[in-house]
>>> print(open('upload-v7.cif').read())   # mmCIF, C-alpha atoms
data_coords
#
loop_
_atom_site.label_atom_id
_atom_site.label_comp_id
_atom_site.auth_asym_id
_atom_site.auth_seq_id
_atom_site.Cartn_x
_atom_site.Cartn_y
_atom_site.Cartn_z
CA MET E 8 46.32 119.15 66.12
CA ALA E 9 43.01 117.35 65.77
CA ARG E 10 43.30 116.41 69.44
CA TRP E 11 43.33 120.11 70.44
CA PHE E 12 40.17 120.72 68.43
CA ARG E 13 38.46 117.73 70.01
CA ARG E 14 39.28 118.98 73.52
CA ARG E 15 38.11 122.43 72.61
CA SER E 16 34.86 121.13 71.13
CA GLU E 17 34.29 119.03 74.27
CA LEU E 18 34.76 122.15 76.40
CA ASP E 19 32.47 124.12 74.12
CA LYS E 20 29.86 121.34 74.36
CA GLU E 21 30.14 121.31 78.16
CA LEU E 22 29.77 125.10 78.30
CA ALA E 23 26.76 124.95 75.97
CA GLU E 24 25.09 122.30 78.14
CA LEU E 25 25.81 124.23 81.34
CA THR E 26 24.55 127.45 79.76
CA ALA E 27 21.31 125.81 78.64
CA ALA E 28 20.66 124.38 82.12
CA ALA E 29 21.66 127.64 83.81
CA GLU E 30 19.32 129.66 81.62
CA LEU E 31 16.52 127.32 82.74
CA GLY E 32 17.25 128.31 86.35
CA ASP E 33 19.36 125.37 87.57
CA ASP E 34 21.46 126.94 90.35
CA VAL E 35 24.02 124.10 90.32
CA ALA E 36 24.50 124.56 86.57
CA MET E 37 24.84 128.32 87.15
CA ALA E 38 27.57 127.73 89.75
CA ASN E 39 29.36 125.19 87.56
CA LEU E 40 29.14 127.49 84.57
CA ALA E 41 30.62 130.32 86.63
CA ALA E 42 33.52 128.07 87.65
CA ALA E 43 34.08 126.88 84.07
CA LEU E 44 34.05 130.42 82.74
CA TYR E 45 36.51 131.51 85.41
CA ARG E 46 38.88 128.68 84.48
CA LYS E 47 38.53 129.76 80.86
CA GLY E 48 39.55 133.30 81.82
CA ASP E 49 36.13 134.93 81.50
CA THR E 50 35.96 136.76 84.83
CA ALA E 51 32.95 138.88 83.79
CA GLY E 52 30.98 135.76 82.83
CA ALA E 53 32.07 134.01 86.02
CA LEU E 54 30.86 136.95 88.10
CA ARG E 55 27.55 137.17 86.21
CA TRP E 56 26.71 133.47 86.61
CA GLY E 57 28.19 133.29 90.11
CA GLU E 58 25.94 136.17 91.21
CA ARG E 59 22.92 134.45 89.67
CA ALA E 60 23.73 131.13 91.36
CA TRP E 61 24.28 132.88 94.69
CA ALA E 62 21.01 134.80 94.32
CA ALA E 63 19.28 131.47 93.59
CA GLY E 64 20.49 130.14 96.96
CA ASN E 65 23.55 128.09 96.02
CA VAL E 66 25.83 128.45 99.08
CA VAL E 67 28.88 126.93 97.36
CA ALA E 68 28.47 129.57 94.66
CA GLY E 69 28.75 132.18 97.41
CA PHE E 70 32.19 131.02 98.41
CA ASN E 71 33.34 130.78 94.78
CA LEU E 72 31.86 134.18 93.98
CA GLY E 73 33.78 135.66 96.90
CA MET E 74 36.96 134.05 95.57
CA VAL E 75 36.46 135.58 92.12
CA HIS E 76 35.90 139.00 93.70
CA SER E 77 38.96 138.54 95.91
CA VAL E 78 41.24 137.50 93.05
CA ALA E 79 39.87 140.37 90.96
CA GLY E 80 40.94 142.75 93.74
CA ASP E 81 37.54 143.55 95.24
CA ALA E 82 38.19 142.46 98.83
CA ASN E 83 35.17 144.39 100.11
CA ARG E 84 32.70 142.57 97.84
CA ALA E 85 34.38 139.26 98.64
CA GLN E 86 33.95 139.99 102.34
CA VAL E 87 30.26 140.83 101.96
CA VAL E 88 29.53 137.62 100.04
CA TRP E 89 31.63 135.47 102.37
CA GLU E 90 29.94 136.93 105.45
CA GLN E 91 26.56 135.99 104.01
CA ALA E 92 27.77 132.47 103.13
CA ALA E 93 29.46 132.09 106.53
CA ALA E 94 26.19 133.04 108.22
CA LEU E 95 24.71 130.03 106.42
CA GLY E 96 27.44 127.83 107.91
CA ASP E 97 29.85 127.56 104.97
CA PRO E 98 33.29 126.78 106.49
CA ASP E 99 35.08 127.74 103.26
CA ALA E 100 33.57 131.23 103.44
CA MET E 101 34.65 131.41 107.09
CA LEU E 102 38.15 130.49 105.92
CA GLY E 103 38.09 133.28 103.33
CA LEU E 104 37.15 135.75 106.07
CA ALA E 105 39.82 134.47 108.45
CA LYS E 106 42.47 134.73 105.74
CA GLN E 107 41.37 138.27 104.93
CA ALA E 108 41.60 139.15 108.62
CA LEU E 109 45.12 137.67 108.82
CA GLU E 110 46.19 139.68 105.78
CA ARG E 111 44.85 142.89 107.37
CA GLY E 112 46.38 142.11 110.76
CA ASP E 113 42.86 142.09 112.22
CA ALA E 114 43.22 139.89 115.33
CA ALA E 115 39.54 140.33 116.24
CA GLY E 116 38.49 139.09 112.80
CA VAL E 117 40.74 136.05 113.13
CA GLU E 118 39.32 135.34 116.59
CA ARG E 119 35.80 135.62 115.23
CA TRP E 120 36.24 133.04 112.47
CA ALA E 121 39.03 130.66 113.52
CA PRO E 122 37.07 128.96 116.35
CA LEU E 123 34.09 128.44 114.04
CA ILE E 124 36.31 126.81 111.42
CA LEU E 125 37.97 124.60 114.04
CA ALA E 126 34.55 123.49 115.30
CA GLN E 127 33.67 122.05 111.88
CA ASP E 128 34.20 118.44 110.88
CA GLU E 129 35.70 119.30 107.49
CA ALA E 130 39.46 118.90 107.35
CA PHE E 131 40.16 121.07 104.30
CA PRO E 132 39.25 124.48 105.76
CA ILE E 133 40.97 123.59 109.03
CA THR E 134 44.19 122.54 107.30
CA ALA E 135 44.03 125.63 105.06
CA LEU E 136 43.65 127.79 108.18
CA GLY E 137 46.76 126.14 109.60
CA VAL E 138 48.63 126.94 106.40
CA ALA E 139 47.46 130.57 106.66
CA PHE E 140 48.73 130.79 110.25
CA ARG E 141 52.04 129.25 109.17
CA ASP E 142 52.37 131.61 106.23
CA HIS E 143 51.73 134.59 108.52
CA GLY E 144 54.50 133.52 110.91
CA ASP E 145 52.41 131.94 113.68
CA ALA E 146 53.88 128.43 113.71
CA ASP E 147 52.54 127.61 117.18
CA ARG E 148 48.97 128.35 116.17
CA ALA E 149 49.53 126.51 112.88
CA ILE E 150 50.60 123.41 114.82
CA ARG E 151 47.51 123.55 117.03
CA THR E 152 45.33 123.96 113.95
CA PHE E 153 47.02 121.09 112.10
CA LEU E 154 46.44 118.88 115.16
CA ARG E 155 42.71 119.51 114.85
CA ALA E 156 42.79 118.52 111.16
CA GLU E 157 44.83 115.46 112.08
CA GLU E 158 42.02 114.40 114.43
CA LEU E 159 39.91 114.22 111.27
CA GLY E 160 42.59 112.09 109.62
CA ASP E 161 44.06 114.61 107.18
CA GLY E 162 47.46 113.53 105.86
CA TYR E 163 48.22 117.00 104.52
CA ALA E 164 47.93 118.46 108.02
CA MET E 165 50.30 115.75 109.29
CA GLU E 166 52.84 116.59 106.61
CA TYR E 167 52.62 120.34 107.23
CA ARG E 168 53.06 119.86 110.99
CA ALA E 169 56.00 117.52 110.34
CA ARG E 170 57.71 120.25 108.31
CA ILE E 171 57.40 122.73 111.17
CA LEU E 172 58.66 120.18 113.67
CA ALA E 173 61.63 119.29 111.43
CA ALA E 174 62.49 122.98 111.08
CA ARG E 175 62.52 123.15 114.89
CA GLY E 176 64.94 120.24 115.04
CA GLN E 177 62.40 117.64 116.17
CA HIS E 178 63.43 115.25 113.41
CA GLU E 179 62.37 111.96 115.01
CA VAL E 180 58.87 113.21 115.77
CA ALA E 181 58.65 114.72 112.28
CA GLU E 182 59.69 111.46 110.62
CA ALA E 183 57.14 109.46 112.64
CA LEU E 184 54.48 111.96 111.63
CA ARG E 185 55.51 111.75 107.99
CA ALA E 186 55.18 107.96 108.17
CA ARG E 187 51.62 108.37 109.47
CA ALA E 188 50.92 110.95 106.76
CA ALA E 189 52.07 108.54 104.05
CA THR E 190 49.17 106.19 104.83
CA ALA E 191 46.58 108.79 105.84
CA LYS E 192 43.79 110.12 103.70
CA ARG E 193 44.45 113.43 101.96
CA MET E 194 41.39 115.63 102.53
CA LEU E 195 40.37 118.10 99.86
#
>>> encode(input="upload-v7.cif", output="structure tokens")
Amino acid sequence: MARWFRRRSELDKELAELTAAAELGDDVAMANLAAALYRKGDTAGALRWGERAWAAGNVVAGFNLGMVHSVAGDANRAQVVWEQAAALGDPDAMLGLAKQALERGDAAGVERWAPLILAQDEAFPITALGVAFRDHGDADRAIRTFLRAEELGDGYAMEYRARILAARGQHEVAEALRARAATAKRML
């Protein structure tokens, strides 16, 4: 039981340090505090500090703030924040917008954001876009998207494409791809 208290006091110490730095205007501390509060279950605190970090110019906080709004059920506010972050070039915000468009069946919204995500050199949002296409029943587009992430060396994209190929009966190709995935870097 002492171990639980130690972990809790370490978390409390971390939150106290982040709060002190955030109150002094450190936008990174504000963003980290928002994330820590969200993990702790304090959505109101996460929104408050996320808004402050975003207002202070922290682009990563914009994406995270949009996520908190989205999970809390405020898709409109998430969209507004993500559009602002996407305008600053944040591929994760673009991904949030593309996923929203897929969920709404908004082909024009998907076409607006998907090419911008694919043009990035960050594997994670590209692979996540492929997963979104797959989950929305567009396996062909998922494969094309995973191929782009594979160009960046992402093992996850290789594994996801291998699963689709195996489901289509292309077992030899899928196994070869899985072998490549086993030694490839996993991009996060």
>>> atom_distance(input="upload-v7.cif", atom1="CA of Ala41 (chain E)", atom2="CA of Gln107 (chain E)")
22.7 Å
>>> residues_around(input="upload-v7.cif", residues="Ala126 (chain E)", least_positions_apart="5", cutoff="10 Å", atoms="all atoms listed in the file", output="NGL selection string")
:E and (98 or 121 or 133 or 155)
>>> residues_around(input="upload-v7.cif", residues="region 181-186 of chain E", least_positions_apart="3", cutoff="8 Å", atoms="all atoms listed in the file", output="CSV table (one decimal) with C-alpha atoms, in the frame of the given file")
chain,number,residue,atom,x,y,z
E,165,MET,CA,50.3,115.8,109.3
E,166,GLU,CA,52.8,116.6,106.6
E,168,ARG,CA,53.1,119.9,111.0
E,169,ALA,CA,56.0,117.5,110.3
E,170,ARG,CA,57.7,120.2,108.3
E,172,LEU,CA,58.7,120.2,113.7
E,173,ALA,CA,61.6,119.3,111.4
E,177,GLN,CA,62.4,117.6,116.2
E,178,HIS,CA,63.4,115.2,113.4
E,189,ALA,CA,52.1,108.5,104.0
E,190,THR,CA,49.2,106.2,104.8
>>> residues_near_point(input="upload-v7.cif", point="(23.1, 131.5, 98.9)", cutoff="10 Å", atoms="all atoms listed in the file", output="NGL selection string")
:E and (34 or 58-70 or 88 or 91-95 or 97)
>>> write_last_selection(input="upload-v7.cif", atoms="C-alpha atoms", output="mmCIF file, keeping the file's coordinate frame")
data_model
loop_
_atom_site.group_PDB
_atom_site.id
_atom_site.type_symbol
_atom_site.label_atom_id
_atom_site.label_comp_id
_atom_site.auth_asym_id
_atom_site.auth_seq_id
_atom_site.Cartn_x
_atom_site.Cartn_y
_atom_site.Cartn_z
ATOM 1 C CA ASP E 34 21.460 126.940 90.350
ATOM 2 C CA GLU E 58 25.940 136.170 91.210
ATOM 3 C CA ARG E 59 22.920 134.450 89.670
ATOM 4 C CA ALA E 60 23.730 131.130 91.360
ATOM 5 C CA TRP E 61 24.280 132.880 94.690
ATOM 6 C CA ALA E 62 21.010 134.800 94.320
ATOM 7 C CA ALA E 63 19.280 131.470 93.590
ATOM 8 C CA GLY E 64 20.490 130.140 96.960
ATOM 9 C CA ASN E 65 23.550 128.090 96.020
ATOM 10 C CA VAL E 66 25.830 128.450 99.080
ATOM 11 C CA VAL E 67 28.880 126.930 97.360
ATOM 12 C CA ALA E 68 28.470 129.570 94.660
ATOM 13 C CA GLY E 69 28.750 132.180 97.410
ATOM 14 C CA PHE E 70 32.190 131.020 98.410
ATOM 15 C CA VAL E 88 29.530 137.620 100.040
ATOM 16 C CA GLN E 91 26.560 135.990 104.010
ATOM 17 C CA ALA E 92 27.770 132.470 103.130
ATOM 18 C CA ALA E 93 29.460 132.090 106.530
ATOM 19 C CA ALA E 94 26.190 133.040 108.220
ATOM 20 C CA LEU E 95 24.710 130.030 106.420
ATOM 21 C CA ASP E 97 29.850 127.560 104.970
#
>>> atom_distance(input="upload-v7.cif", atom1="CA of Phe153 (chain E)", atom2="CA of Val87 (chain E)")
27.8 Å
>>> resolve_selection(input="upload-v7.cif", expression="the PyMOL selection byres ((chain E and resi 102) around 8)", output="NGL selection string")
:E and (98-101 or 103-106 or 120-121 or 124 or 132 or 135-136)
>>> atom_distance(input="upload-v7.cif", atom1="CA of Ala174 (chain E)", atom2="CA of Pro122 (chain E)")
26.6 Å
>>> axis_aligned_box(input="upload-v7.cif", around="region 28-42 of chain E", padding_each_side="6 Å", output="lines of an AutoDock Vina configuration file")
center_x = 25.0
center_y = 127.2
center_z = 86.0
size_x = 29.0
size_y = 18.2
size_z = 20.7
>>> closest_residue(input="upload-v7.cif", among="E:Ala139, E:Thr50, E:Arg84, E:Trp89", to="Glu110 (chain E)", atoms="all atoms listed in the file")
E:Ala139
>>> closest_residue(input="upload-v7.cif", among="E:His143, E:Lys47, E:Val75, E:Tyr163", to="Gly112 (chain E)", atoms="only C-alpha atoms")
E:His143
>>> closest_residue(input="upload-v7.cif", among="E:Gly116, E:Gly176, E:Gly57, E:Ala188", to="Gln86 (chain E)", atoms="all atoms listed in the file")
E:Gly116
>>> closest_residue(input="upload-v7.cif", among="E:Glu129, E:Arg148, E:Gly96, E:Lys20", to="Val117 (chain E)", atoms="all atoms listed in the file")
E:Arg148
>>> residues_near_point(input="upload-v7.cif", point="(33.0, 132.6, 87.9)", cutoff="9 Å", atoms="only C-alpha atoms", output="list in words")
Ala38, Asn39, Leu40, Ala41, Ala42, Ala43, Leu44, Tyr45, Arg46, Gly48, Asp49, Thr50, Ala51, Gly52, Ala53, Leu54, Arg55, Trp56, Gly57, Glu58, Ala68, Asn71, Leu72, Met74 and Val75 of chain E
>>> residues_around(input="upload-v7.cif", residues="Ala191 (chain E)", least_positions_apart="4", cutoff="8 Å", atoms="all atoms listed in the file", output="number ranges by chain")
E: 160-162, 187
>>> closest_residue(input="upload-v7.cif", among="E:Glu179, E:Glu157, E:Glu17, E:Glu118", to="Arg193 (chain E)", atoms="all atoms listed in the file")
E:Glu157
>>> closest_residue(input="upload-v7.cif", among="E:Met194, E:Ile150, E:Ala114, E:Ile171", to="Asp128 (chain E)", atoms="all atoms listed in the file")
E:Met194
>>> build_atoms(input="upload-v7.cif", residues="region 123-154 of chain E", atoms="N, CA and C atoms", output="PDB file, keeping the file's coordinate frame")
ATOM      1  N   LEU E 123      35.209 129.031 114.779  1.00  0.00           N
ATOM      2  CA  LEU E 123      34.090 128.440 114.040  1.00  0.00           C
ATOM      3  C   LEU E 123      34.582 127.446 112.992  1.00  0.00           C
ATOM      4  N   ILE E 124      35.722 127.740 112.383  1.00  0.00           N
ATOM      5  CA  ILE E 124      36.310 126.810 111.420  1.00  0.00           C
ATOM      6  C   ILE E 124      36.775 125.555 112.146  1.00  0.00           C
ATOM      7  N   LEU E 125      37.447 125.735 113.281  1.00  0.00           N
ATOM      8  CA  LEU E 125      37.970 124.600 114.040  1.00  0.00           C
ATOM      9  C   LEU E 125      36.853 123.715 114.591  1.00  0.00           C
ATOM     10  N   ALA E 126      35.674 124.261 114.774  1.00  0.00           N
ATOM     11  CA  ALA E 126      34.550 123.490 115.300  1.00  0.00           C
ATOM     12  C   ALA E 126      33.896 122.610 114.233  1.00  0.00           C
ATOM     13  N   GLN E 127      34.247 122.828 112.980  1.00  0.00           N
ATOM     14  CA  GLN E 127      33.670 122.050 111.880  1.00  0.00           C
ATOM     15  C   GLN E 127      34.291 120.662 111.833  1.00  0.00           C
ATOM     16  N   ASP E 128      33.656 119.782 111.100  1.00  0.00           N
ATOM     17  CA  ASP E 128      34.200 118.440 110.880  1.00  0.00           C
ATOM     18  C   ASP E 128      34.688 118.265 109.457  1.00  0.00           C
ATOM     19  N   GLU E 129      35.143 119.349 108.836  1.00  0.00           N
ATOM     20  CA  GLU E 129      35.700 119.300 107.490  1.00  0.00           C
ATOM     21  C   GLU E 129      37.181 119.656 107.591  1.00  0.00           C
ATOM     22  N   ALA E 130      38.018 118.713 107.190  1.00  0.00           N
ATOM     23  CA  ALA E 130      39.460 118.900 107.350  1.00  0.00           C
ATOM     24  C   ALA E 130      40.025 119.998 106.459  1.00  0.00           C
ATOM     25  N   PHE E 131      39.533 120.122 105.230  1.00  0.00           N
ATOM     26  CA  PHE E 131      40.160 121.070 104.300  1.00  0.00           C
ATOM     27  C   PHE E 131      40.225 122.491 104.852  1.00  0.00           C
ATOM     28  N   PRO E 132      39.116 123.092 105.290  1.00  0.00           N
ATOM     29  CA  PRO E 132      39.250 124.480 105.760  1.00  0.00           C
ATOM     30  C   PRO E 132      40.122 124.592 107.011  1.00  0.00           C
ATOM     31  N   ILE E 133      40.147 123.552 107.831  1.00  0.00           N
ATOM     32  CA  ILE E 133      40.970 123.590 109.030  1.00  0.00           C
ATOM     33  C   ILE E 133      42.450 123.553 108.635  1.00  0.00           C
ATOM     34  N   THR E 134      42.810 122.619 107.758  1.00  0.00           N
ATOM     35  CA  THR E 134      44.190 122.540 107.300  1.00  0.00           C
ATOM     36  C   THR E 134      44.599 123.839 106.598  1.00  0.00           C
ATOM     37  N   ALA E 135      43.722 124.377 105.767  1.00  0.00           N
ATOM     38  CA  ALA E 135      44.030 125.630 105.060  1.00  0.00           C
ATOM     39  C   ALA E 135      44.209 126.777 106.050  1.00  0.00           C
ATOM     40  N   LEU E 136      43.457 126.771 107.147  1.00  0.00           N
ATOM     41  CA  LEU E 136      43.650 127.790 108.180  1.00  0.00           C
ATOM     42  C   LEU E 136      45.019 127.625 108.818  1.00  0.00           C
ATOM     43  N   GLY E 137      45.423 126.385 109.063  1.00  0.00           N
ATOM     44  CA  GLY E 137      46.760 126.140 109.600  1.00  0.00           C
ATOM     45  C   GLY E 137      47.843 126.660 108.674  1.00  0.00           C
ATOM     46  N   VAL E 138      47.666 126.433 107.387  1.00  0.00           N
ATOM     47  CA  VAL E 138      48.630 126.940 106.400  1.00  0.00           C
ATOM     48  C   VAL E 138      48.665 128.473 106.455  1.00  0.00           C
ATOM     49  N   ALA E 139      47.508 129.098 106.584  1.00  0.00           N
ATOM     50  CA  ALA E 139      47.460 130.570 106.660  1.00  0.00           C
ATOM     51  C   ALA E 139      48.197 131.067 107.899  1.00  0.00           C
ATOM     52  N   PHE E 140      47.985 130.396 109.042  1.00  0.00           N
ATOM     53  CA  PHE E 140      48.730 130.790 110.250  1.00  0.00           C
ATOM     54  C   PHE E 140      50.228 130.632 110.031  1.00  0.00           C
ATOM     55  N   ARG E 141      50.622 129.493 109.440  1.00  0.00           N
ATOM     56  CA  ARG E 141      52.040 129.250 109.170  1.00  0.00           C
ATOM     57  C   ARG E 141      52.619 130.328 108.264  1.00  0.00           C
ATOM     58  N   ASP E 142      51.890 130.634 107.190  1.00  0.00           N
ATOM     59  CA  ASP E 142      52.370 131.610 106.230  1.00  0.00           C
ATOM     60  C   ASP E 142      52.441 133.028 106.798  1.00  0.00           C
ATOM     61  N   HIS E 143      51.693 133.272 107.872  1.00  0.00           N
ATOM     62  CA  HIS E 143      51.730 134.590 108.520  1.00  0.00           C
ATOM     63  C   HIS E 143      52.631 134.584 109.753  1.00  0.00           C
ATOM     64  N   GLY E 144      53.479 133.535 109.868  1.00  0.00           N
ATOM     65  CA  GLY E 144      54.500 133.520 110.910  1.00  0.00           C
ATOM     66  C   GLY E 144      54.075 133.017 112.265  1.00  0.00           C
ATOM     67  N   ASP E 145      52.879 132.442 112.387  1.00  0.00           N
ATOM     68  CA  ASP E 145      52.410 131.940 113.680  1.00  0.00           C
ATOM     69  C   ASP E 145      52.457 130.412 113.668  1.00  0.00           C
ATOM     70  N   ALA E 146      53.688 129.880 113.789  1.00  0.00           N
ATOM     71  CA  ALA E 146      53.880 128.430 113.710  1.00  0.00           C
ATOM     72  C   ALA E 146      53.198 127.691 114.861  1.00  0.00           C
ATOM     73  N   ASP E 147      53.175 128.282 116.040  1.00  0.00           N
ATOM     74  CA  ASP E 147      52.540 127.610 117.180  1.00  0.00           C
ATOM     75  C   ASP E 147      51.042 127.423 116.941  1.00  0.00           C
ATOM     76  N   ARG E 148      50.413 128.463 116.449  1.00  0.00           N
ATOM     77  CA  ARG E 148      48.970 128.350 116.170  1.00  0.00           C
ATOM     78  C   ARG E 148      48.737 127.423 114.973  1.00  0.00           C
ATOM     79  N   ALA E 149      49.638 127.430 114.024  1.00  0.00           N
ATOM     80  CA  ALA E 149      49.530 126.510 112.880  1.00  0.00           C
ATOM     81  C   ALA E 149      49.571 125.080 113.379  1.00  0.00           C
ATOM     82  N   ILE E 150      50.495 124.772 114.285  1.00  0.00           N
ATOM     83  CA  ILE E 150      50.600 123.410 114.820  1.00  0.00           C
ATOM     84  C   ILE E 150      49.307 123.004 115.506  1.00  0.00           C
ATOM     85  N   ARG E 151      48.763 123.877 116.335  1.00  0.00           N
ATOM     86  CA  ARG E 151      47.510 123.550 117.030  1.00  0.00           C
ATOM     87  C   ARG E 151      46.373 123.313 116.028  1.00  0.00           C
ATOM     88  N   THR E 152      46.363 124.103 114.970  1.00  0.00           N
ATOM     89  CA  THR E 152      45.330 123.960 113.950  1.00  0.00           C
ATOM     90  C   THR E 152      45.517 122.662 113.173  1.00  0.00           C
ATOM     91  N   PHE E 153      46.752 122.345 112.799  1.00  0.00           N
ATOM     92  CA  PHE E 153      47.020 121.090 112.100  1.00  0.00           C
ATOM     93  C   PHE E 153      46.625 119.894 112.959  1.00  0.00           C
ATOM     94  N   LEU E 154      46.845 119.983 114.270  1.00  0.00           N
ATOM     95  CA  LEU E 154      46.440 118.880 115.160  1.00  0.00           C
ATOM     96  C   LEU E 154      44.946 118.626 115.074  1.00  0.00           C
TER      97      LEU E 154
END
